[in-house]
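Structure file protein-v2.csv (CSV, C-alpha atoms and all ligand atoms) follows.
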chain,number,residue,atom,x,y,z
A,1,MET,CA,0.0,0.0,0.0
A,2,PRO,CA,1.2,3.5,-0.7
A,3,ASN,CA,2.7,5.7,2.0
A,4,LYS,CA,0.5,8.0,4.0
A,5,VAL,CA,2.0,11.3,4.9
A,6,ASP,CA,0.7,13.2,8.0
A,7,ILE,CA,0.0,16.8,7.2
A,8,LEU,CA,-1.5,18.6,10.2
A,9,GLY,CA,-3.4,15.4,11.1
A,10,VAL,CA,-4.6,14.6,7.6
A,11,ASN,CA,-3.1,11.5,6.1
A,12,VAL,CA,-2.3,12.2,2.5
A,13,ASP,CA,-1.2,9.6,0.0
A,14,ALA,CA,2.3,9.9,-1.6
A,15,MET,CA,1.2,8.7,-5.0
A,16,THR,CA,1.7,9.8,-8.6
A,17,MET,CA,-1.2,10.6,-10.9
A,18,SER,CA,-0.8,7.4,-12.8
A,19,GLU,CA,-0.6,5.3,-9.5
A,20,SER,CA,-3.7,7.1,-8.3
A,21,VAL,CA,-5.6,6.4,-11.5
A,22,ALA,CA,-4.6,2.8,-11.6
A,23,GLN,CA,-5.6,2.2,-8.0
A,24,ILE,CA,-9.0,4.0,-8.4
A,25,GLU,CA,-9.7,1.9,-11.5
A,26,THR,CA,-9.3,-1.3,-9.6
A,27,TYR,CA,-11.7,0.1,-7.0
A,28,MET,CA,-14.2,1.1,-9.8
A,29,ALA,CA,-14.2,-2.5,-10.9
A,30,GLY,CA,-14.9,-3.7,-7.4
A,31,GLU,CA,-17.9,-3.7,-5.1
A,32,GLU,CA,-16.6,-2.1,-2.0
A,33,PRO,CA,-17.5,1.7,-1.6
A,34,MET,CA,-14.4,3.7,-1.7
A,35,MET,CA,-14.2,7.4,-1.2
A,36,ILE,CA,-11.4,9.5,-2.7
A,37,ALA,CA,-10.6,13.0,-1.6
A,38,THR,CA,-8.3,15.6,-3.1
A,39,ALA,CA,-6.7,17.7,-0.4
A,40,ASN,CA,-5.5,21.2,-1.1
A,41,ALA,CA,-4.1,23.5,1.6
A,42,GLU,CA,-7.5,25.0,2.2
A,43,MET,CA,-9.1,21.6,2.9
A,44,ILE,CA,-6.3,20.5,5.3
A,45,MET,CA,-6.6,23.8,7.1
A,46,ARG,CA,-10.4,23.3,7.5
A,47,ALA,CA,-9.8,19.8,8.7
A,48,THR,CA,-7.6,21.1,11.6
A,49,GLN,CA,-10.8,22.8,12.9
A,50,ASP,CA,-13.4,20.3,11.8
A,51,GLU,CA,-12.9,16.9,13.4
A,52,GLU,CA,-15.7,15.3,11.4
A,53,LEU,CA,-14.0,16.3,8.2
A,54,ARG,CA,-10.6,15.1,9.4
A,55,ASP,CA,-12.0,11.7,10.4
A,56,ILE,CA,-13.7,11.3,7.0
A,57,LEU,CA,-10.5,12.1,5.2
A,58,ASN,CA,-8.6,9.7,7.4
A,59,ARG,CA,-11.1,7.0,6.5
A,60,ALA,CA,-11.0,7.7,2.8
A,61,ALA,CA,-9.4,5.1,0.5
A,62,ILE,CA,-7.1,7.7,-1.1
A,63,VAL,CA,-6.4,11.3,-0.2
A,64,THR,CA,-4.4,12.9,-3.0
A,65,ALA,CA,-2.1,15.9,-2.8
A,66,ASP,CA,-4.2,18.5,-4.7
A,67,GLY,CA,-2.3,21.7,-5.0
A,68,ALA,CA,1.2,23.1,-4.7
A,69,GLY,CA,0.7,23.8,-1.0
A,70,THR,CA,0.0,20.2,-0.1
A,71,VAL,CA,3.1,19.0,-2.0
A,72,TRP,CA,5.2,21.6,-0.4
A,73,ALA,CA,4.0,20.7,3.0
A,74,ALA,CA,4.8,17.1,2.6
A,75,ARG,CA,8.3,17.8,1.4
A,76,HIS,CA,8.8,20.5,4.1
A,77,LEU,CA,8.0,17.9,6.7
A,78,GLY,CA,10.6,15.6,5.2
A,79,TYR,CA,8.4,13.2,3.3
A,80,GLU,CA,8.6,12.1,-0.3
A,81,MET,CA,5.7,13.4,-2.3
A,82,PRO,CA,6.1,12.6,-6.0
A,83,GLU,CA,3.8,15.2,-7.5
A,84,ARG,CA,0.5,17.1,-7.4
A,85,VAL,CA,-2.6,15.1,-8.1
A,86,ALA,CA,-5.3,17.7,-8.8
A,87,GLY,CA,-8.9,16.7,-8.6
A,88,TYR,CA,-9.7,18.2,-12.0
A,89,ASP,CA,-6.9,16.4,-13.7
A,90,LEU,CA,-7.7,13.1,-11.9
A,91,ALA,CA,-11.3,13.3,-13.0
A,92,GLN,CA,-10.3,13.9,-16.6
A,93,GLN,CA,-8.0,10.9,-16.6
A,94,LEU,CA,-10.7,8.6,-15.1
A,95,MET,CA,-13.3,9.9,-17.6
A,96,LYS,CA,-10.9,9.3,-20.5
A,97,ASN,CA,-10.1,5.8,-19.4
A,98,SER,CA,-13.7,4.9,-18.6
A,99,VAL,CA,-14.5,4.8,-22.3
A,100,ARG,CA,-12.1,1.8,-22.8
A,101,GLN,CA,-13.3,0.2,-19.7
A,102,GLY,CA,-17.0,0.7,-20.5
A,103,GLN,CA,-17.7,2.2,-17.1
A,104,ARG,CA,-20.5,4.5,-16.1
A,105,ILE,CA,-20.2,7.9,-14.5
A,106,TYR,CA,-22.6,10.2,-12.7
A,107,PHE,CA,-22.2,13.9,-12.1
A,108,PHE,CA,-23.8,15.3,-9.0
A,109,GLY,CA,-23.5,18.9,-7.9
A,110,SER,CA,-23.0,22.5,-9.0
A,111,ALA,CA,-25.7,25.0,-10.0
A,112,PRO,CA,-28.7,23.9,-12.1
A,113,GLY,CA,-27.6,23.3,-15.7
A,114,VAL,CA,-23.9,23.0,-15.0
A,115,ALA,CA,-23.7,19.2,-14.7
A,116,GLU,CA,-25.6,18.9,-18.0
A,117,LYS,CA,-23.1,21.2,-19.7
A,118,ALA,CA,-20.2,19.3,-18.2
A,119,LYS,CA,-21.8,16.1,-19.5
A,120,ALA,CA,-22.0,17.6,-23.1
A,121,LYS,CA,-18.3,18.7,-22.7
A,122,ALA,CA,-17.3,15.2,-21.6
A,123,GLU,CA,-19.1,13.6,-24.5
A,124,GLN,CA,-17.3,15.9,-26.9
A,125,LEU,CA,-13.8,15.3,-25.3
A,126,TYR,CA,-14.2,11.5,-24.7
A,127,PRO,CA,-16.5,10.1,-27.4
A,128,GLY,CA,-18.3,7.0,-26.2
A,129,ILE,CA,-18.2,8.1,-22.5
A,130,GLN,CA,-21.3,7.0,-20.5
A,131,ILE,CA,-22.4,9.8,-18.2
A,132,VAL,CA,-25.5,8.0,-17.0
A,133,GLY,CA,-27.0,10.8,-14.8
A,134,THR,CA,-26.7,14.4,-13.7
A,135,ARG,CA,-28.2,16.3,-10.8
A,136,ASP,CA,-27.5,19.8,-9.5
A,137,GLY,CA,-26.2,20.4,-6.0
A,138,TYR,CA,-28.9,22.7,-4.7
A,139,PHE,CA,-31.3,20.5,-2.7
A,140,THR,CA,-33.1,20.2,0.6
A,141,GLU,CA,-33.3,17.2,2.8
A,142,ALA,CA,-36.7,16.4,1.3
A,143,ASP,CA,-35.0,16.0,-2.1
A,144,GLU,CA,-32.4,13.6,-0.9
A,145,PRO,CA,-34.3,10.3,-1.2
A,146,ALA,CA,-35.0,11.0,-4.9
A,147,ILE,CA,-31.4,11.9,-5.5
A,148,ILE,CA,-30.2,8.7,-3.9
A,149,GLU,CA,-32.8,6.6,-5.8
A,150,ASP,CA,-31.6,8.1,-9.1
A,151,ILE,CA,-28.0,7.5,-8.4
A,152,LYS,CA,-28.7,3.9,-7.3
A,153,ALA,CA,-30.9,3.3,-10.4
A,154,LYS,CA,-28.2,4.5,-12.8
A,155,ARG,CA,-25.6,2.2,-11.2
A,156,PRO,CA,-22.5,4.3,-11.9
A,157,HIS,CA,-19.0,2.9,-11.2
A,158,LEU,CA,-17.8,6.5,-10.5
A,159,LEU,CA,-19.7,9.3,-8.8
A,160,LEU,CA,-18.3,12.8,-9.1
A,161,VAL,CA,-19.7,15.0,-6.3
A,162,ALA,CA,-19.3,18.8,-6.7
A,163,LEU,CA,-20.9,20.3,-3.6
A,164,GLY,CA,-17.8,22.2,-2.3
A,165,VAL,CA,-15.7,21.3,0.8
A,166,PRO,CA,-16.7,20.0,3.3
A,167,LYS,CA,-20.3,19.4,2.1
A,168,GLN,CA,-19.3,16.9,-0.6
A,169,GLU,CA,-17.2,14.8,1.8
A,170,LYS,CA,-19.8,14.8,4.5
A,171,TRP,CA,-22.6,13.9,2.1
A,172,LEU,CA,-20.6,11.0,0.8
A,173,ALA,CA,-19.6,9.8,4.2
A,174,LYS,CA,-23.3,9.6,5.1
A,175,HIS,CA,-24.7,8.2,1.9
A,176,GLN,CA,-22.0,6.3,-0.1
A,177,ALA,CA,-22.7,2.8,1.4
A,178,GLU,CA,-26.4,3.2,0.6
A,179,LEU,CA,-25.7,4.3,-3.0
A,180,GLY,CA,-23.7,1.2,-3.8
A,181,VAL,CA,-21.3,3.2,-5.9
A,182,PRO,CA,-17.8,1.7,-5.9
A,183,VAL,CA,-15.9,5.0,-6.2
A,184,ALA,CA,-17.0,8.5,-5.2
A,185,ILE,CA,-14.8,11.6,-5.4
A,186,GLY,CA,-15.5,15.1,-4.1
A,187,VAL,CA,-14.4,17.3,-7.0
A,188,GLY,CA,-15.2,20.9,-5.9
A,189,GLY,CA,-15.2,23.2,-8.9
A,190,THR,CA,-14.5,20.5,-11.6
A,191,LEU,CA,-18.0,20.6,-13.2
A,192,ASP,CA,-17.9,24.4,-13.2
A,193,VAL,CA,-14.6,24.3,-15.1
A,194,MET,CA,-15.8,21.7,-17.6
A,195,ALA,CA,-19.0,23.6,-18.2
A,196,GLY,CA,-17.0,26.8,-18.8
A,197,VAL,CA,-18.7,28.5,-15.9
A,198,MET,CA,-15.4,28.9,-14.2
A,199,LYS,CA,-12.0,29.2,-15.8
A,200,ARG,CA,-8.9,27.3,-14.7
A,201,ALA,CA,-5.7,29.2,-14.3
A,202,PRO,CA,-3.6,29.5,-17.5
A,203,LEU,CA,-1.0,26.9,-17.8
A,204,TRP,CA,1.9,29.2,-17.0
A,205,MET,CA,0.2,30.1,-13.7
A,206,GLN,CA,-0.4,26.4,-12.9
A,207,LYS,CA,3.2,25.7,-13.7
A,208,ALA,CA,4.3,28.6,-11.5
A,209,LYS,CA,2.2,27.1,-8.8
A,210,LEU,CA,0.0,30.1,-8.7
A,211,GLU,CA,-3.4,28.5,-9.4
A,212,TRP,CA,-4.6,29.4,-5.9
A,213,LEU,CA,-3.9,33.1,-6.6
A,214,PHE,CA,-5.8,33.0,-9.9
A,215,ARG,CA,-8.8,31.5,-8.2
A,216,GLY,CA,-8.7,34.0,-5.4
A,217,MET,CA,-8.6,36.9,-7.9
A,218,LEU,CA,-11.3,35.6,-10.1
A,219,GLN,CA,-13.8,35.0,-7.3
A,220,PRO,CA,-13.8,37.9,-4.9
A,221,LYS,CA,-15.8,35.9,-2.4
A,222,ARG,CA,-12.8,33.7,-2.2
A,223,ALA,CA,-10.4,36.5,-1.5
A,224,GLY,CA,-10.7,35.9,2.2
A,225,ARG,CA,-9.9,32.3,1.6
A,226,LEU,CA,-6.6,33.2,0.1
A,227,LEU,CA,-5.3,33.8,3.6
A,228,ALA,CA,-5.7,30.0,4.2
A,229,LEU,CA,-2.4,29.5,2.3
A,230,PRO,CA,0.0,31.6,4.3
A,231,LYS,CA,-1.7,30.3,7.5
A,232,PHE,CA,-1.2,26.8,6.3
A,233,VAL,CA,2.5,27.4,5.5
A,234,LEU,CA,3.0,28.8,9.0
A,235,LYS,CA,1.1,26.0,10.7
A,236,VAL,CA,3.0,23.3,8.8
A,237,HIS,CA,6.3,25.0,9.6
A,238,GLY,CA,5.3,25.2,13.2
A,239,SER,CA,4.3,21.5,13.3
A,240,ARG,CA,7.7,20.4,12.2
A,241,GLY,CA,9.2,18.3,15.0
B,1,LIG,N1,-22.2,23.7,-4.6
B,1,LIG,C1,-23.3,22.9,-4.7
B,1,LIG,N2,-24.2,22.9,-3.6
B,1,LIG,C2,-24.0,23.7,-2.6
B,1,LIG,C3,-22.8,24.5,-2.5
B,1,LIG,C4,-21.9,24.5,-3.5
B,1,LIG,O1,-23.6,22.3,-5.7
B,1,LIG,O2,-24.8,23.7,-1.6
B,1,LIG,C5,-21.3,23.7,-5.8
B,1,LIG,C6,-20.9,25.0,-6.4
B,1,LIG,O3,-21.9,25.4,-7.3
B,1,LIG,C7,-19.6,24.7,-7.1
B,1,LIG,C8,-19.0,23.6,-6.3
B,1,LIG,O4,-20.0,23.2,-5.3
B,1,LIG,O5,-19.9,24.2,-8.4
B,1,LIG,C9,-17.7,23.9,-5.6
B,1,LIG,O6,-17.9,25.0,-4.8
B,1,LIG,P1,-16.7,25.9,-4.3
B,1,LIG,O7,-15.8,26.2,-5.5
B,1,LIG,O8,-17.2,27.1,-3.5
B,1,LIG,O9,-16.0,24.9,-3.3
B,1,LIG,P2,-14.5,24.3,-3.1
B,1,LIG,O10,-14.7,22.9,-3.5
B,1,LIG,O11,-13.5,25.1,-3.9
B,1,LIG,O12,-14.3,24.4,-1.6

Mind converting the file's structure to structure tokens?
Amino acid sequence: MPNKVDILGVNVDAMTMSESVAQIETYMAGEEPMMIATANAEMIMRATQDEELRDILNRAAIVTADGAGTVWAARHLGYEMPERVAGYDLAQQLMKNSVRQGQRIYFFGSAPGVAEKAKAKAEQLYPGIQIVGTRDGYFTEADEPAIIEDIKAKRPHLLLVALGVPKQEKWLAKHQAELGVPVAIGVGGTLDVMAGVMKRAPLWMQKAKLEWLFRGMLQPKRAGRLLALPKFVLKVHGSRG
């Protein structure tokens, strides 16, 4: 089994993208419900204050190092961390390979209409892909039984859940067993990016490890959240034994 790296109490897997994809594909072919989380600095910071989230992450089958901050933290703490495994990129790889494997995928989350647009995009990018269901992420408790029934009926191998952190992780922890879905991943803004509702940082910014800055600039409501990164850096540094 891959190495787990403890970053502020969250166990993150030291795995490459291709190792993560291969492992998740074996889970998709199985029966056991497996949850995958992609942990950026903001998620780890949140988990330091949210015990429920931290426990969920530490029970997840895989927690990938999503973001330059997480990779930096692992290395700063003296661990090996091969590379960044971003949720968006991971989802794209799994979608691409699902065509060959004949596996079904369900998109759950984001504003009304976004999952359908993301589905159209996936069908254009990966001809033959089976996106067997979509459902937006704005619902009340009374809507949940119907959502659960629909996911169960469509029998996806992979469920992408875009409800934001920590809602997506908590929703999955509560419902995944009942859904009977082998693999579920909380993917945050992935459907928004696929639908073209939100832009990803240009490649040069991603390479310069500045994607967090781009996201903060683009969404003013996130500006406050930008502070999570320097706080994270200080906290990780302080946690060094
Ligand atoms: N979202 C949702 N239901 C909610 C809250 C958020 O479907 O109750 C969606 C939102 O539309 C967006 C996604 O969750 O598509 C991710 O939200 P955000 O980028 O704020 O969260 P992050 O994952 O970056 O924390």

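Distances here use all atoms listed in the file; by that measure, the residue among A:Glu31, A:Glu149, A:Asp192, A:Glu80 closest to Ala115 in chain A is A:Asp192.
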
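Compared by their closest atoms to Ala65 in chain A, and using only C-alpha atoms, the residues A:Ile24, A:Met43, A:Ala162, A:Ala177 rank with A:Met43 nearest.
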
Fewer than 5 positions away in the same chain doesn't count, so skip those; otherwise give me all residues within 8 Å of Ala68 in chain A, counting all atoms listed in the file, as an mmCIF file with C-alpha atoms, in the coordinates of the input.
data_model
loop_
_atom_site.group_PDB
_atom_site.id
_atom_site.type_symbol
_atom_site.label_atom_id
_atom_site.label_comp_id
_atom_site.auth_asym_id
_atom_site.auth_seq_id
_atom_site.Cartn_x
_atom_site.Cartn_y
_atom_site.Cartn_z
ATOM 1 C CA ASN A 40 -5.500 21.200 -1.100
ATOM 2 C CA ARG A 84 0.500 17.100 -7.400
ATOM 3 C CA LYS A 209 2.200 27.100 -8.800
#

For this session: Tell me, in Å to one decimal, how far CA of Ile62 in chain A is from CA of Gly180 in chain A.
Result: 18.0 Å

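Checking A:Met45, A:Leu94, A:Ala184, A:Ile56 one by one against ligand LIG 1 (chain B), counting all atoms listed in the file, you find the shortest gap at A:Met45.
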
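Shortest atom-to-atom contact with Gly133 in chain A among A:Val114, A:Val63, A:Ile105, A:Ala120: A:Ile105, counting all atoms listed in the file.
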